[in-house]
Each structure stands twice: as C-alpha cells, then as structure tokens.
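Structure below is target-v8.txt: compact mmCIF, C-alpha atoms and all ligand atoms.
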```txt
# COMPACT_ATOMS: atom_id res chain seq x y z
CA MET B 1 -185.92 55.47 58.55
CA ILE B 2 -185.52 51.75 59.06
CA SER B 3 -182.28 50.60 57.48
CA ASN B 4 -182.64 47.51 55.35
CA TYR B 5 -180.79 44.54 56.79
CA THR B 6 -178.41 43.48 54.09
CA ARG B 7 -176.51 40.26 54.41
CA THR B 8 -173.83 38.58 52.38
CA LEU B 9 -175.35 36.26 49.84
CA PRO B 10 -175.77 32.58 50.73
CA GLU B 11 -172.51 30.80 51.37
CA VAL B 12 -171.76 27.61 49.48
CA PHE B 13 -169.61 25.26 51.57
CA LYS B 14 -167.42 22.42 50.30
CA SER B 15 -168.07 18.90 51.55
CA GLN B 16 -165.16 17.68 53.68
CA ILE B 17 -165.69 14.18 52.25
CA THR B 18 -166.24 14.75 48.52
CA GLY B 19 -164.77 18.25 48.17
CA LYS B 20 -167.85 19.15 46.10
CA PRO B 21 -169.82 22.33 46.86
CA VAL B 22 -172.67 21.89 49.36
CA HIS B 23 -175.46 24.34 48.65
CA PRO B 24 -177.84 25.68 51.28
CA ILE B 25 -181.09 23.73 51.06
CA LEU B 26 -182.86 27.01 50.28
CA SER B 27 -181.35 30.23 49.09
CA ILE B 28 -183.17 33.36 48.12
CA GLU B 29 -181.43 36.22 46.36
CA ASN B 30 -182.81 39.75 46.04
CA LEU B 31 -186.40 38.56 45.81
CA GLN B 32 -189.18 40.94 44.89
CA CYS B 33 -192.89 40.02 44.76
CA ARG B 34 -195.80 42.29 43.90
CA TYR B 35 -199.58 42.30 43.69
CA GLY B 36 -200.16 44.63 40.74
CA GLU B 37 -198.27 47.83 41.57
CA GLN B 38 -198.02 47.01 45.31
CA VAL B 39 -194.52 45.76 46.17
CA VAL B 40 -195.01 43.32 49.05
CA ILE B 41 -191.58 41.62 49.20
CA GLU B 42 -188.66 43.91 48.44
CA SER B 43 -185.15 42.62 47.89
CA VAL B 44 -185.18 39.72 50.36
CA SER B 45 -182.09 37.46 50.55
CA LEU B 46 -181.61 34.53 52.92
CA ALA B 47 -180.10 31.06 53.16
CA LEU B 48 -181.40 28.03 55.06
CA GLN B 49 -178.92 25.22 55.65
CA ALA B 50 -179.82 21.51 55.66
CA GLY B 51 -181.68 20.51 58.83
CA GLU B 52 -182.29 24.11 59.95
CA ILE B 53 -185.65 25.36 61.17
CA ALA B 54 -186.38 29.03 60.61
CA CYS B 55 -189.28 31.05 61.97
CA LEU B 56 -190.55 34.11 60.11
CA LEU B 57 -191.93 36.72 62.46
CA GLY B 58 -193.49 40.05 61.62
CA PRO B 59 -196.58 42.22 61.95
CA SER B 60 -199.78 41.48 60.09
CA GLY B 61 -199.56 42.35 56.39
CA CYS B 62 -195.74 42.52 56.25
CA GLY B 63 -195.54 39.81 53.57
CA LYS B 64 -194.84 36.58 55.49
CA THR B 65 -197.43 34.49 53.64
CA THR B 66 -196.45 36.02 50.31
CA LEU B 67 -192.81 34.99 50.88
CA LEU B 68 -193.91 31.46 51.82
CA HIS B 69 -196.14 31.29 48.73
CA ALA B 70 -193.24 32.41 46.51
CA ILE B 71 -191.09 29.56 47.91
CA ALA B 72 -193.94 27.04 47.50
CA GLY B 73 -194.50 28.14 43.88
CA PHE B 74 -197.90 29.82 44.35
CA GLN B 75 -196.60 33.37 43.85
CA PRO B 76 -194.66 34.73 40.86
CA VAL B 77 -191.29 36.41 41.30
CA VAL B 78 -190.68 39.88 39.81
CA THR B 79 -186.91 40.04 40.35
CA GLY B 80 -184.33 37.82 42.05
CA ASN B 81 -184.48 34.05 42.39
CA ILE B 82 -185.21 31.13 44.72
CA GLN B 83 -182.95 28.07 44.69
CA LEU B 84 -183.60 24.67 46.23
CA SER B 85 -180.42 22.62 46.75
CA GLY B 86 -178.62 24.90 44.27
CA GLU B 87 -181.25 24.69 41.49
CA VAL B 88 -183.27 27.73 40.50
CA ILE B 89 -186.97 26.96 41.06
CA SER B 90 -188.28 30.53 40.74
CA SER B 91 -187.05 33.60 38.90
CA PRO B 92 -188.64 35.99 36.41
CA LYS B 93 -187.83 33.36 33.73
CA VAL B 94 -188.07 30.04 35.62
CA LYS B 95 -191.13 28.68 37.43
CA VAL B 96 -190.96 25.06 38.51
CA PRO B 97 -194.62 24.05 39.19
CA ALA B 98 -195.52 23.81 42.88
CA GLU B 99 -196.25 20.06 42.69
CA GLN B 100 -192.75 19.35 41.30
CA ARG B 101 -190.82 21.25 43.98
CA LYS B 102 -190.82 18.54 46.67
CA ILE B 103 -191.84 21.19 49.17
CA GLY B 104 -194.50 20.30 51.77
CA VAL B 105 -196.94 22.90 53.06
CA VAL B 106 -198.94 22.91 56.31
CA PHE B 107 -201.69 25.51 56.54
CA GLN B 108 -203.26 27.27 59.51
CA ASP B 109 -206.63 25.53 59.05
CA TYR B 110 -205.15 21.98 58.84
CA ALA B 111 -207.01 21.32 55.53
CA LEU B 112 -207.50 17.62 56.36
CA PHE B 113 -209.83 15.54 54.19
CA PRO B 114 -212.93 15.10 56.41
CA HIS B 115 -214.09 11.87 54.73
CA LEU B 116 -210.71 10.12 55.17
CA THR B 117 -209.42 8.51 58.37
CA VAL B 118 -206.27 9.75 60.06
CA GLU B 119 -204.24 6.95 58.41
CA GLN B 120 -205.74 7.68 55.00
CA ASN B 121 -205.00 11.40 55.42
CA ILE B 122 -201.36 10.70 56.29
CA ALA B 123 -200.95 8.25 53.39
CA PHE B 124 -202.64 10.56 50.87
CA GLY B 125 -199.45 11.90 49.28
CA ILE B 126 -197.60 8.55 49.18
CA GLN B 127 -200.01 6.43 47.11
CA SER B 128 -197.23 5.63 44.64
CA MET B 129 -195.17 3.88 47.35
CA PRO B 130 -195.38 0.06 47.50
CA LYS B 131 -198.14 -0.94 49.95
CA GLY B 132 -195.86 -2.38 52.66
CA GLN B 133 -193.59 0.65 52.63
CA ARG B 134 -196.58 2.99 52.68
CA GLN B 135 -198.11 1.26 55.69
CA SER B 136 -194.85 1.24 57.59
CA ARG B 137 -194.24 4.96 56.83
CA THR B 138 -197.79 5.80 57.97
CA GLN B 139 -197.40 3.83 61.22
CA SER B 140 -194.03 5.37 62.03
CA LEU B 141 -195.44 8.87 61.42
CA LEU B 142 -198.46 8.10 63.62
CA GLN B 143 -196.02 7.18 66.36
CA LEU B 144 -193.83 10.23 65.73
CA VAL B 145 -196.77 12.63 66.09
CA ARG B 146 -198.06 10.70 69.15
CA LEU B 147 -201.30 9.54 67.53
CA LYS B 148 -200.81 5.80 67.67
CA GLY B 149 -204.26 4.29 68.20
CA PHE B 150 -206.00 7.18 66.39
CA GLY B 151 -205.39 5.85 62.86
CA GLN B 152 -209.01 4.82 62.25
CA GLN B 153 -210.56 8.03 63.64
CA TYR B 154 -211.87 10.83 61.42
CA PRO B 155 -210.61 14.44 61.69
CA HIS B 156 -213.81 15.71 63.41
CA GLN B 157 -213.18 13.23 66.25
CA LEU B 158 -209.83 14.88 67.07
CA SER B 159 -208.89 18.03 68.98
CA GLY B 160 -207.34 21.02 67.14
CA GLY B 161 -203.83 20.12 68.30
CA GLN B 162 -204.29 16.49 67.20
CA GLN B 163 -205.60 17.58 63.80
CA GLN B 164 -202.58 19.81 63.30
CA ARG B 165 -200.29 16.88 64.15
CA VAL B 166 -202.07 14.80 61.47
CA ALA B 167 -201.56 17.64 58.97
CA LEU B 168 -197.87 17.68 59.88
CA ALA B 169 -197.56 13.89 59.46
CA ARG B 170 -199.32 14.09 56.08
CA ALA B 171 -196.90 16.79 54.88
CA LEU B 172 -193.87 14.82 56.13
CA ALA B 173 -194.95 11.50 54.60
CA PRO B 174 -193.34 11.96 51.13
CA HIS B 175 -190.01 13.12 52.68
CA PRO B 176 -190.16 16.68 51.30
CA LYS B 177 -186.87 18.56 50.81
CA LEU B 178 -188.35 21.48 52.71
CA LEU B 179 -191.47 22.03 54.79
CA LEU B 180 -193.35 25.33 54.96
CA LEU B 181 -195.78 25.94 57.82
CA ASP B 182 -198.09 28.97 57.62
CA GLU B 183 -199.20 29.95 61.14
CA PRO B 184 -199.74 26.28 61.99
CA PHE B 185 -200.69 26.89 65.61
CA SER B 186 -202.75 30.05 65.42
CA ASN B 187 -206.10 28.28 65.89
CA LEU B 188 -204.91 26.83 69.20
CA ASP B 189 -204.78 28.36 72.69
CA THR B 190 -201.52 29.90 73.92
CA GLU B 191 -200.33 27.03 76.10
CA LEU B 192 -201.01 24.38 73.45
CA ARG B 193 -199.39 26.59 70.78
CA ARG B 194 -196.11 26.72 72.67
CA SER B 195 -196.03 23.03 73.58
CA LEU B 196 -196.86 22.11 69.98
CA ALA B 197 -194.10 24.45 68.74
CA ALA B 198 -191.59 22.47 70.85
CA GLU B 199 -193.07 19.20 69.64
CA VAL B 200 -192.90 20.22 65.98
CA ARG B 201 -189.27 21.19 66.44
CA HIS B 202 -188.57 17.73 67.88
CA ILE B 203 -190.45 15.99 65.03
CA LEU B 204 -188.65 17.99 62.31
CA ARG B 205 -185.33 17.19 63.96
CA GLU B 206 -186.19 13.47 64.04
CA GLU B 207 -187.12 13.56 60.35
CA LYS B 208 -184.15 15.83 59.51
CA ILE B 209 -186.43 18.02 57.39
CA PRO B 210 -185.61 21.74 57.17
CA ALA B 211 -188.56 24.04 57.63
CA ILE B 212 -189.81 27.61 57.62
CA ILE B 213 -192.57 28.40 60.09
CA VAL B 214 -194.56 31.62 59.79
CA THR B 215 -195.85 32.94 63.08
CA HIS B 216 -197.15 36.04 64.85
CA ASP B 217 -196.00 34.80 68.24
CA ARG B 218 -192.43 35.63 69.22
CA HIS B 219 -192.35 32.98 71.96
CA GLU B 220 -193.35 30.32 69.46
CA ALA B 221 -190.57 31.56 67.16
CA PHE B 222 -188.00 31.51 70.00
CA ILE B 223 -188.98 27.92 70.87
CA ALA B 224 -189.13 26.44 67.39
CA GLY B 225 -186.45 28.24 65.36
CA ASP B 226 -182.70 27.80 64.89
CA LYS B 227 -183.00 30.95 62.81
CA LEU B 228 -185.34 33.84 63.25
CA GLY B 229 -186.27 35.97 60.26
CA VAL B 230 -187.85 39.30 61.15
CA LEU B 231 -189.87 40.71 58.29
CA SER B 232 -191.22 44.24 58.35
CA GLN B 233 -192.50 46.40 55.52
CA GLY B 234 -191.62 43.66 53.01
CA GLN B 235 -187.95 43.62 53.99
CA LEU B 236 -186.00 41.05 55.95
CA GLN B 237 -184.73 43.22 58.76
CA GLN B 238 -182.70 40.47 60.44
CA TRP B 239 -181.88 36.77 59.92
CA ASP B 240 -180.05 35.43 62.97
CA SER B 241 -180.39 33.01 65.85
CA PRO B 242 -183.35 33.84 68.13
CA GLN B 243 -180.92 34.70 70.94
CA ASP B 244 -178.83 37.09 68.84
CA THR B 245 -181.94 38.70 67.42
CA TYR B 246 -183.29 39.28 70.91
CA GLN B 247 -180.02 40.50 72.39
CA LYS B 248 -178.72 42.44 69.39
CA PRO B 249 -181.67 43.62 67.31
CA LYS B 250 -180.46 45.45 64.18
CA ASN B 251 -182.93 48.28 64.47
CA LEU B 252 -185.89 49.60 66.42
CA ALA B 253 -188.43 47.75 64.25
CA VAL B 254 -186.80 44.41 65.15
CA ALA B 255 -186.53 45.32 68.85
CA ARG B 256 -190.25 46.09 68.98
CA ILE B 257 -191.18 42.87 67.20
CA VAL B 258 -189.06 40.56 69.37
CA SER B 259 -189.57 42.18 72.78
CA GLU B 260 -191.96 44.13 75.01
CA GLY B 261 -190.69 47.58 75.83
CA SER B 262 -190.91 51.34 75.53
CA ILE B 263 -189.14 54.12 73.68
CA ILE B 264 -187.62 56.90 75.77
CA SER B 265 -185.34 59.82 74.99
CA GLY B 266 -181.72 60.08 76.08
CA THR B 267 -178.85 62.56 76.01
CA VAL B 268 -175.17 61.62 75.82
CA LEU B 269 -173.49 63.04 78.93
CA GLY B 270 -169.94 61.86 78.23
CA LYS B 271 -167.98 58.71 77.50
CA ASP B 272 -170.33 55.71 77.89
CA LEU B 273 -172.85 57.65 79.97
CA ILE B 274 -176.38 58.55 78.87
CA SER B 275 -178.93 60.56 80.80
CA THR B 276 -182.55 59.32 80.51
CA PRO B 277 -185.87 60.09 82.24
CA LEU B 278 -185.14 56.86 84.19
CA GLY B 279 -181.78 58.09 85.46
CA GLU B 280 -178.29 57.69 84.09
CA VAL B 281 -177.25 54.52 82.31
CA ASN B 282 -173.81 53.24 81.27
CA MET B 283 -173.78 52.32 77.58
CA PRO B 284 -171.22 52.51 74.78
CA THR B 285 -171.31 55.99 73.26
CA ALA B 286 -168.31 55.85 70.90
CA ALA B 287 -170.55 56.67 67.92
CA TYR B 288 -171.88 59.84 69.54
CA GLU B 289 -170.77 63.16 70.96
CA SER B 290 -171.67 64.74 74.28
CA GLY B 291 -175.03 66.44 74.01
CA ASP B 292 -176.34 64.17 71.21
CA ARG B 293 -180.05 63.35 71.62
CA LEU B 294 -180.93 59.68 71.17
CA GLU B 295 -183.93 57.42 71.15
CA LEU B 296 -183.59 54.41 73.41
CA PHE B 297 -185.58 51.20 73.51
CA VAL B 298 -186.05 49.94 77.05
CA ARG B 299 -187.15 46.32 77.41
CA SER B 300 -189.71 45.74 80.16
CA GLU B 301 -187.33 43.49 82.08
CA ASP B 302 -184.55 46.11 82.04
CA ILE B 303 -186.40 48.25 84.57
CA ALA B 304 -186.10 47.38 88.27
CA ALA B 305 -187.99 48.80 91.26
CA GLY B 306 -186.46 49.58 94.66
CA GLU B 307 -184.43 52.16 96.56
CA HIS B 308 -181.12 52.71 94.80
CA PRO B 309 -178.80 55.72 94.37
CA GLY B 310 -179.93 57.40 91.16
CA ALA B 311 -183.40 55.77 91.11
CA VAL B 312 -186.21 58.06 89.92
CA MET B 313 -189.78 58.17 91.24
CA ALA B 314 -192.51 57.07 88.82
CA GLN B 315 -196.27 56.77 89.19
CA VAL B 316 -198.16 53.55 88.46
CA VAL B 317 -200.88 54.18 85.85
CA GLU B 318 -201.77 50.57 85.03
CA LYS B 319 -201.14 47.16 86.55
CA ASN B 320 -201.76 43.70 85.07
CA PHE B 321 -201.14 40.52 87.05
CA LEU B 322 -199.32 37.85 84.99
CA GLY B 323 -198.56 35.21 87.66
CA ASN B 324 -194.85 35.24 88.52
CA GLN B 325 -194.58 38.81 87.20
CA VAL B 326 -196.73 41.89 87.15
CA SER B 327 -196.79 44.16 84.13
CA TYR B 328 -196.88 47.85 85.07
CA ARG B 329 -197.20 51.04 83.09
CA PHE B 330 -195.48 53.99 84.78
CA GLN B 331 -195.66 57.71 84.13
CA LEU B 332 -192.28 59.44 84.47
CA ALA B 333 -191.76 63.00 85.73
CA ALA B 334 -190.89 64.17 82.19
CA GLY B 335 -194.29 62.91 80.97
CA GLU B 336 -193.11 59.77 79.15
CA THR B 337 -194.63 56.40 80.01
CA VAL B 338 -192.75 53.08 80.24
CA GLU B 339 -193.74 49.44 80.60
CA ALA B 340 -191.99 47.35 83.26
CA ALA B 341 -192.30 43.67 84.13
CA LEU B 342 -191.66 43.48 87.88
CA ASN B 343 -191.47 40.59 90.29
CA ALA B 344 -194.88 39.68 91.77
CA ASN B 345 -193.64 40.53 95.28
CA VAL B 346 -193.52 44.25 94.36
CA GLN B 347 -196.73 45.64 95.85
CA ALA B 348 -198.08 48.78 94.18
CA ALA B 349 -201.44 50.02 92.92
CA PRO B 350 -202.40 52.63 90.32
CA GLY B 351 -201.58 56.09 91.75
CA ASP B 352 -198.69 54.81 93.93
CA LYS B 353 -195.15 56.05 93.32
CA LEU B 354 -192.17 53.70 93.13
CA PRO B 355 -188.41 54.29 92.73
CA LEU B 356 -187.24 52.85 89.37
CA ARG B 357 -183.85 52.38 87.79
CA LEU B 358 -182.65 51.25 84.41
CA SER B 359 -180.12 48.42 84.01
CA SER B 360 -179.62 48.75 80.26
CA ALA B 361 -181.22 50.00 77.05
CA LEU B 362 -180.80 49.64 73.31
CA VAL B 363 -179.61 52.63 71.31
CA PHE B 364 -180.40 52.95 67.62
CA ASP B 365 -179.10 55.39 65.08
CA GLN B 366 -181.92 57.24 63.33
CA ALA B 367 -184.23 55.07 65.37
CA ARG B 368 -187.50 55.58 63.47
N1 LIG Y 401 -204.00 37.96 46.63
C1 LIG Y 401 -203.68 39.21 46.96
N2 LIG Y 401 -203.97 40.25 46.14
C2 LIG Y 401 -203.63 41.51 46.48
N3 LIG Y 401 -202.98 41.86 47.62
C3 LIG Y 401 -202.67 40.87 48.46
C4 LIG Y 401 -203.00 39.51 48.19
N4 LIG Y 401 -202.55 38.74 49.22
C5 LIG Y 401 -201.98 39.59 50.10
N5 LIG Y 401 -202.06 40.87 49.65
C6 LIG Y 401 -201.50 42.06 50.32
O1 LIG Y 401 -200.11 41.87 50.48
C7 LIG Y 401 -199.67 42.33 51.75
C8 LIG Y 401 -198.94 41.20 52.48
O2 LIG Y 401 -199.86 40.15 52.73
P1 LIG Y 401 -199.41 38.77 53.42
O3 LIG Y 401 -200.62 37.91 53.51
O4 LIG Y 401 -198.23 38.25 52.72
O5 LIG Y 401 -198.96 39.31 54.85
P2 LIG Y 401 -198.74 38.50 56.21
O6 LIG Y 401 -197.51 39.07 56.81
O7 LIG Y 401 -198.75 37.03 55.95
O8 LIG Y 401 -200.02 38.93 57.03
P3 LIG Y 401 -200.80 38.14 58.20
O9 LIG Y 401 -199.81 37.97 59.32
O10 LIG Y 401 -201.92 39.07 58.56
O11 LIG Y 401 -201.28 36.83 57.64
C9 LIG Y 401 -200.90 42.85 52.47
O12 LIG Y 401 -200.95 44.24 52.30
C10 LIG Y 401 -202.05 42.19 51.75
O13 LIG Y 401 -203.18 42.99 51.76
```
For this file, write the structure as structure tokens.
Ligand SMILES: Nc1ncnc2c1ncn2[C@@H]1O[C@H](COP(=O)(O)OP(=O)(O)OP(=O)(O)O)[C@@H](O)[C@H]1O
Amino acid sequence: MISNYTRTLPEVFKSQITGKPVHPILSIENLQCRYGEQVVIESVSLALQAGEIACLLGPSGCGKTTLLHAIAGFQPVVTGNIQLSGEVISSPKVKVPAEQRKIGVVFQDYALFPHLTVEQNIAFGIQSMPKGQRQSRTQSLLQLVRLKGFGQQYPHQLSGGQQQRVALARALAPHPKLLLLDEPFSNLDTELRRSLAAEVRHILREEKIPAIIVTHDRHEAFIAGDKLGVLSQGQLQQWDSPQDTYQKPKNLAVARIVSEGSIISGTVLGKDLISTPLGEVNMPTAAYESGDRLELFVRSEDIAAGEHPGAVMAQVVEKNFLGNQVSYRFQLAAGETVEAALNANVQAAPGDKLPLRLSSALVFDQAR
C-alpha cells in the first residue's frame, strides 16, 4: 500500500518590509478532479513560492496533465481549491475563466501560428501594449531565447528546439503570473531536451516567472526544477527539492520514479545490520526487530563490483554499454535479479560471474 504523502498546508509568510502576509504564488488545497466517475486527482495539496520552478514527474496516465489543466482553468474541480497569489481561482463554487487567470501555457506541440513570423508569434498576446513597448518586449524576448536574427522567419523554417523557444517567448510576453509547460521538450531528442531544460530554467530565472513543468524524464526534472513533485495514482507522493527526493524518497513508488534500481528482500540480523542476497549491509533498523523481513530498493549505482570481504558472486545475464558506464543485469544465487551501473573498465560478458557488494539500500515500510 503506497502511503499518501501528506504535507502541511501552504505557509503564508509575512513580508519583512510591510509586515503584510505574503502568499505563495500558487497554492492548492485538497484538490480532487474527476472524469465522470473516474477520480484522476485525489486530494492533492502543494504550494509554489514566487520565482520557484517545479517539475511534475510521474508515469503515463497518473494525472499530470489533468492537474496542469485544473490550474490553467481547463478542468473543473470537484473538491478543494486552487489559489493564485492568495485568491481562489478554482473551487467547486468558483471558476475564474482561463483567459482571466494571467497564467501562460506552453504545450508539447508548440502550437505556433504557421502563417505568422517569429516576431508576430511572440507579439500575439501583447497586441494591447503600445507599439514601441510591444516591439521592445518582442526584441528583448528574441534575445533572451537566443533567436535574434530569426524574427522574420516562419515556424516551418525553424528546428524543433527553436520552435519551442518561440513558444516559450510567446507565453512569457504578457508577463504571466505563472507559466505552465506540458511536456515541452518531449518532441526533441534526449541531448537537446536536457540542454533546453537548462536553458528554460535560465530564461525563467531571468524573467522571474514561476513555473510548473510536466515531464516524463527524471533528468530533465532534476535539471530544471527547484521543486520536484512526484505524482502517482493521482496522488502527490512527494513535493521536495530534486536532491531530497532522490536521496530520501518517501516510498517505493517515488524511489522507482526518480531512480534506476531493483527490489530485493532483506532480513534484519540485529542492530543496524540487514542480510540481503547481495551480502550484509549496515542500515538503521530502529523501526524493526531481529528477524523482520523487509523489501529493499537498491539503486543501480549502489552496487559495486570487485573482490571484497563479504562480496557475493553473481552472474551477468545482460550488458548494455552506456559510454562512461555499463548497465548490467545480474542473477543472484537466491534467484533474484538486480541492475547495476558499473564503471566501463569492468570487463564482463553475459555468463561471466563477478563478485558484487552493496554500499547502501533504501528500506520502506509496507513497501508495495
Ligand atoms: N478528457 C478525458 N476524458 C476522460 N478521461 C480522461 C480524459 N483525459 C484524461 N483522461 C484519463 O485521466 C487519466 C490521467 O490522464 P492525464 O492525461 O492527466 O495523465 P498524464 O499523467 O498527463 O499522462 P501522460 O504522461 O501519458 O500524458 C488517464 O487515465 C486518462 O485516460
């Protein structure tokens, strides 16, 4: 049973200058969204502070887009509420129309206007600005997204990454209070995705616009986010910094979403000592008694190869070269298999046996 990650409700700070309360830019309290009888978002609460960038990560179908649509105003709310700068914009009784929310949205497919130039696309949402101001905003955004000189081109003359930067500039042009990006890089190849994730982070920082980015790619989320929200089965399992989420996942579902690894069994041998099919490992066991059976999550990088007292022999069943590392799948004597990411100088082929040892593992109560 995956325990729901419950957090204290959004904090409201007091300004040190005015003494007035400073609300999170976005706060969501006990949100539920449904399609007919199907509950897709169940009791989600979170707070995003001014200037923060959050990434929402989770498996396909877990409700990421639905949550984004609820914030944007495209999806009704069954219970709970959504507040922007302290004002309720969505609840069962309140629904501020999407176009009045001052929330920008960037979609996966860029959705640029094909018959408009890059400059015209960027200026589309700021027609009400005086001409001089509009032109200067457009030019500064062109520079910010590194497309100076491309202003007169049409979208089909640009690469995918360039088109997505135009879409970002267009969404930023009216100075939204919050920007929502729904899998903005998923049409791009892996390397470009990650460099664009870093670039988008830089651009949002420059513009001081808080954002929520939905992604499937944990590396993209680690690069772009100050906060990482892990959504699974319609519930926000964790809402923390990427580093804390990686190092201290709240449950097995989060561990599996944010890292590569394997599940193995363990038995508590005594104080802070657990026996596993990969040998004995020192871990806090205060919550358990000797003899307790546990499920452990072993991250691929927590397994090392080489002669060592206590190492156990394991047989290579699969090997994939990744450059500086090689990903191996090993069969252990007890029949379990584990994934390990080993240094490329370890030479082994399927069928070979290697001594392995475990440096650490994650233990979860009622792990499944
Ligand atoms: N318009 C709709 N009508 C009915 N069910 C829907 C609708 N949109 C989404 N769903 C269902 O709601 C669930 C969550 O969908 P959602 O698109 O929010 O997930 P997601 O996490 O964004 O998925 P993905 O990563 O694949 O885009 C899925 O089971 C989906 O089938």
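Of note, CA of Gln163 in chain B and CA of Arg194 in chain B are spaced 15.9 Å apart.
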Inset, instruction - May I ask which of the residues B:Val258, B:Val77, B:Ala304, B:Ala333 is the closest one to Ser91 in chain B, counting all atoms listed in the file? - result: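 So, comparing all the options, the nearest one is B:Val77.
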| said: How would you report the residues lying within 6 Å of ligand LIG 401 (chain Y), as a list in words, if you count all atoms listed in the file? | reply: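 Checking all atoms listed in the file against ligand LIG 401 (chain Y) at 6 Å gives Tyr35, Val40, Pro59, Ser60, Gly61, Cys62, Gly63, Lys64, Thr65 and Thr66 of chain B.
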Near Ile126 in chain B, within 12 Å and counting all atoms listed in the file, which residues show up once chain neighbours fewer than 4 positions away are dropped, as a PyMOL selection string?
chain B and resi 119-122+130-138+169-176
- Message: Could you tell me how far CA of Met283 in chain B sits from CA of Ala305 in chain B, in Å to one decimal place?
- Response: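 These atoms are spaced 20.0 Å apart.
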Ile213 in chain B: which residues within 9 Å, counting all atoms listed in the file, same-chain residues fewer than 2 positions away excluded, as a list in words? Ile53, Ala54, Cys55, Leu56, Leu57, Leu68, Leu179, Leu180, Leu181, Asp182, Glu183, Pro184, Ala211, Thr215, Ala221, Ala224 and Gly225 of chain B
| request: May I have the residues at most 9 Å from (-187.1, 43.6, 78.4) in the file's coordinates, counting all atoms listed in the file, as a PyMOL selection string? | output: chain B and resi 259-261+298-303+340-341+361
Only C-alpha atoms, please: the residues just picked out, written as a PDB file, keeping the file's coordinate frame.
```
ATOM      1  CA  SER B 259    -189.570  42.180  72.780  1.00  0.00           C
ATOM      2  CA  GLU B 260    -191.960  44.130  75.010  1.00  0.00           C
ATOM      3  CA  GLY B 261    -190.690  47.580  75.830  1.00  0.00           C
ATOM      4  CA  VAL B 298    -186.050  49.940  77.050  1.00  0.00           C
ATOM      5  CA  ARG B 299    -187.150  46.320  77.410  1.00  0.00           C
ATOM      6  CA  SER B 300    -189.710  45.740  80.160  1.00  0.00           C
ATOM      7  CA  GLU B 301    -187.330  43.490  82.080  1.00  0.00           C
ATOM      8  CA  ASP B 302    -184.550  46.110  82.040  1.00  0.00           C
ATOM      9  CA  ILE B 303    -186.400  48.250  84.570  1.00  0.00           C
ATOM     10  CA  ALA B 340    -191.990  47.350  83.260  1.00  0.00           C
ATOM     11  CA  ALA B 341    -192.300  43.670  84.130  1.00  0.00           C
ATOM     12  CA  ALA B 361    -181.220  50.000  77.050  1.00  0.00           C
TER      13      ALA B 361
END
```
Students should find that CA of Ala198 in chain B and CA of Leu231 in chain B are spaced 22.2 Å
* Determine, counting only C-alpha atoms, which protein, DNA and RNA residues have an atom within 6 Å of an atom of Gln49 in chain B; residues of the same chain fewer than 2 positions away are not included. Present the result as number ranges by chain. => B: 24-25, 52
Keeping only C-alpha atoms, write the selected residues as an mmCIF file, keeping the file's coordinate frame.
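After the write, part.cif holds the following:
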```cif
data_model
loop_
_atom_site.group_PDB
_atom_site.id
_atom_site.type_symbol
_atom_site.label_atom_id
_atom_site.label_comp_id
_atom_site.auth_asym_id
_atom_site.auth_seq_id
_atom_site.Cartn_x
_atom_site.Cartn_y
_atom_site.Cartn_z
ATOM 1 C CA PRO B 24 -177.840 25.680 51.280
ATOM 2 C CA ILE B 25 -181.090 23.730 51.060
ATOM 3 C CA GLU B 52 -182.290 24.110 59.950
#
```
- Item | For Leu354 in chain B, the nearest of the candidates B:Val268, B:Met313, B:Leu188, B:Val338, counting all atoms listed in the file |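 Distance minimum relative to Leu354 in chain B lands on B:Met313.
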Which residues come within 8 Å of Thr267 in chain B, counting only C-alpha atoms, excluding same-chain residues fewer than 2 positions away, as a list in words?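 Contacts, in chain order: Ser265, Leu269, Ile274, Ser275, Thr276, Ser290, Gly291, Asp292, Arg293 and Leu294 of chain B.
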Residue with the minimum atom-to-atom distance to Leu67 in chain B, picked from B:Ser128, B:Thr190, B:Ser241, B:Ser232 with only C-alpha atoms counted, is B:Ser232
For Ser90 in chain B, the closest of B:Gln247, B:Gln157, B:Ser186, B:Gln75 counting all atoms listed in the file is B:Gln75
For this session: Quick one: everything within 10 Å of range 27-30 of chain B, counting all atoms listed in the file, minus sequence neighbours fewer than 3 positions away in the same chain. Send it as a PyMOL selection string.
Result: chain B and resi 6+8-12+23-24+41-49+71+79-88+90-91
*Using all atoms listed in the file, find the one residue out of B:Leu362, B:Ala334, B:Arg165, B:Tyr154 that sits nearest to Lys250 in chain B.*
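Closest to Lys250 in chain B, using all atoms listed in the file: B:Leu362.
Minimum atom-to-atom distance to Ala98 in chain B, evaluated using all atoms listed in the file, belongs to B:Phe74 out of B:Leu273, B:Gln238, B:Phe74, B:Leu178.
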Exercise. Around (-194.1, 42.1, 93.2) in the file's own coordinates, what residues are found within 10 Å if you use all atoms listed in the file, given back as a list in words?
Worked result: Ala305, Phe321, Gly323, Asn324, Gln325, Val326, Ser327, Ala341, Leu342, Asn343, Ala344, Asn345, Val346, Gln347 and Ala348 of chain B
